[in-house]
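Trainee: Next up, final_0.pdb (PDB, C-alpha atoms).
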ATOM      1  CA  MET A 285       0.695 277.928 -29.209  1.00  0.00           C
ATOM      2  CA  ILE A 286       3.423 279.434 -27.023  1.00  0.00           C
ATOM      3  CA  ASP A 287       4.155 276.024 -25.470  1.00  0.00           C
ATOM      4  CA  LEU A 288       4.677 274.564 -28.946  1.00  0.00           C
ATOM      5  CA  VAL A 289       7.192 277.292 -29.822  1.00  0.00           C
ATOM      6  CA  ILE A 290       9.088 276.818 -26.557  1.00  0.00           C
ATOM      7  CA  ARG A 291       9.154 273.038 -27.069  1.00  0.00           C
ATOM      8  CA  ALA A 292      10.464 273.473 -30.628  1.00  0.00           C
ATOM      9  CA  LYS A 293      13.241 275.777 -29.382  1.00  0.00           C
ATOM     10  CA  ALA A 294      14.203 273.242 -26.724  1.00  0.00           C
ATOM     11  CA  VAL A 295      14.332 270.431 -29.297  1.00  0.00           C
ATOM     12  CA  ARG A 296      16.552 272.508 -31.595  1.00  0.00           C
ATOM     13  CA  ARG A 297      18.931 273.303 -28.737  1.00  0.00           C
ATOM     14  CA  PHE A 298      19.213 269.646 -27.764  1.00  0.00           C
ATOM     15  CA  LEU A 299      19.850 268.718 -31.403  1.00  0.00           C
ATOM     16  CA  ARG A 300      22.645 271.308 -31.598  1.00  0.00           C
ATOM     17  CA  LEU A 301      24.209 269.705 -28.529  1.00  0.00           C
ATOM     18  CA  GLY A 302      24.457 266.463 -30.477  1.00  0.00           C
ATOM     19  CA  ILE A 303      21.627 264.558 -28.812  1.00  0.00           C
ATOM     20  CA  PRO A 304      19.800 262.141 -31.171  1.00  0.00           C
ATOM     21  CA  THR A 305      16.408 263.313 -32.487  1.00  0.00           C
ATOM     22  CA  ILE A 306      14.158 260.934 -30.538  1.00  0.00           C
ATOM     23  CA  GLN A 307      16.012 261.588 -27.283  1.00  0.00           C
ATOM     24  CA  ALA A 308      15.855 265.360 -27.963  1.00  0.00           C
ATOM     25  CA  LEU A 309      12.063 265.168 -28.356  1.00  0.00           C
ATOM     26  CA  GLN A 310      11.665 263.124 -25.179  1.00  0.00           C
ATOM     27  CA  THR A 311      13.970 265.423 -23.215  1.00  0.00           C
ATOM     28  CA  ALA A 312      12.090 268.507 -24.412  1.00  0.00           C
ATOM     29  CA  ASP A 313       8.824 266.924 -23.251  1.00  0.00           C
ATOM     30  CA  LYS A 314      10.327 266.294 -19.813  1.00  0.00           C
ATOM     31  CA  LEU A 315      11.553 269.882 -19.714  1.00  0.00           C
ATOM     32  CA  MET A 316       8.039 271.142 -20.513  1.00  0.00           C
ATOM     33  CA  GLN A 317       6.654 269.077 -17.598  1.00  0.00           C
ATOM     34  CA  GLY A 318       8.735 271.126 -15.182  1.00  0.00           C
ATOM     35  CA  ARG A 319      11.689 268.814 -14.717  1.00  0.00           C
ATOM     36  CA  LYS A 320      15.273 270.045 -14.650  1.00  0.00           C
ATOM     37  CA  VAL A 321      17.513 268.771 -17.436  1.00  0.00           C
ATOM     38  CA  TYR A 322      21.302 268.584 -17.195  1.00  0.00           C
ATOM     39  CA  VAL A 323      23.526 267.662 -20.137  1.00  0.00           C
ATOM     40  CA  LEU A 324      26.961 266.371 -19.146  1.00  0.00           C
ATOM     41  CA  ARG A 325      29.593 266.561 -21.895  1.00  0.00           C
ATOM     42  CA  ASP A 326      32.901 264.867 -22.584  1.00  0.00           C
ATOM     43  CA  LYS A 327      35.765 267.326 -21.999  1.00  0.00           C
ATOM     44  CA  ASP A 328      37.665 266.342 -25.144  1.00  0.00           C
ATOM     45  CA  THR A 329      34.956 265.924 -27.785  1.00  0.00           C
ATOM     46  CA  LEU A 330      32.258 268.125 -26.178  1.00  0.00           C
ATOM     47  CA  LYS A 331      29.657 265.514 -27.150  1.00  0.00           C
ATOM     48  CA  PRO A 332      26.974 264.749 -24.573  1.00  0.00           C
ATOM     49  CA  ASN A 333      27.730 261.709 -22.433  1.00  0.00           C
ATOM     50  CA  LEU A 334      24.723 261.813 -20.141  1.00  0.00           C
ATOM     51  CA  VAL A 335      21.376 263.582 -20.101  1.00  0.00           C
ATOM     52  CA  LEU A 336      20.081 263.756 -16.556  1.00  0.00           C
ATOM     53  CA  THR A 337      16.491 264.740 -15.756  1.00  0.00           C
ATOM     54  CA  ILE A 338      15.306 265.535 -12.258  1.00  0.00           C
ATOM     55  CA  GLY A 339      11.585 265.573 -11.525  1.00  0.00           C
ATOM     56  CA  ARG A 340       9.649 267.728  -9.113  1.00  0.00           C
ATOM     57  CA  ASN A 341       8.121 264.892  -7.083  1.00  0.00           C
ATOM     58  CA  HIS A 342      10.042 263.103  -4.369  1.00  0.00           C
ATOM     59  CA  ILE A 343      10.601 259.364  -4.694  1.00  0.00           C
ATOM     60  CA  LYS A 344       8.860 257.468  -1.903  1.00  0.00           C
TER      61      LYS A 344
END
Do you think you could lay out the structure here as structure tokens?
Mentor:
Amino acid sequence: MIDLVIRAKAVRRFLRLGIPTIQALQTADKLMQGRKVYVLRDKDTLKPNLVLTIGRNHIK
């Protein structure tokens, strides 16, 4: 139950940043898996240009 509430909060925050709904859901799922999520914005419009996710496992 708590995980569902945290995921919903994450989705709402990504939506407020201007990320499309489907991408916000996918990004929230990645965040719940323990990955780090960075949102890079345009300086002028403040809209997100790039959503970068970094996983815990090293690439071999």
Trainee: Would you list the contacts of region 306-314 of chain A as a tab-separated table (two decimals) with C-alpha atoms, keeping the file's coordinate frame, taking every protein, DNA or RNA residue within 9 Å and counting all atoms listed in the file, but skipping same-chain residues closer than 6 positions in sequence?
Mentor:
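This is the output file out18.tsv:
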chain	number	residue	atom	x	y	z
A	291	ARG	CA	9.15	273.04	-27.07
A	292	ALA	CA	10.46	273.47	-30.63
A	293	LYS	CA	13.24	275.78	-29.38
A	294	ALA	CA	14.20	273.24	-26.72
A	295	VAL	CA	14.33	270.43	-29.30
A	296	ARG	CA	16.55	272.51	-31.60
A	297	ARG	CA	18.93	273.30	-28.74
A	298	PHE	CA	19.21	269.65	-27.76
A	299	LEU	CA	19.85	268.72	-31.40
A	320	LYS	CA	15.27	270.04	-14.65
A	321	VAL	CA	17.51	268.77	-17.44
A	335	VAL	CA	21.38	263.58	-20.10
A	337	THR	CA	16.49	264.74	-15.76
A	339	GLY	CA	11.58	265.57	-11.52
Trainee: How far is it from CA of Asn333 (chain A) to CA of Val289 (chain A), in Å with one decimal?
Mentor: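 For CA of Asn333 (chain A) relative to CA of Val289 (chain A), the distance reads 26.8 Å.
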Trainee: Could you tell me how far CA of Gly302 (chain A) lies from CA of Tyr322 (chain A), in Å and to one decimal?
Mentor: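 One can read the CA of Gly302 (chain A) to CA of Tyr322 (chain A) distance as 13.8 Å.
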Trainee: What gap, in Å, lies between CA of Met316 (chain A) and CA of Leu336 (chain A)?
Mentor: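 Separating CA of Met316 (chain A) from CA of Leu336 (chain A) is a distance of 14.7 Å.
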Trainee: Taking into account only C-alpha atoms, which residue in the set A:Lys331, A:Asp326, A:Arg319, A:Asp287 is nearest to Leu301 (chain A)?
Mentor: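 Smallest separation from Leu301 (chain A) among the options: A:Lys331.
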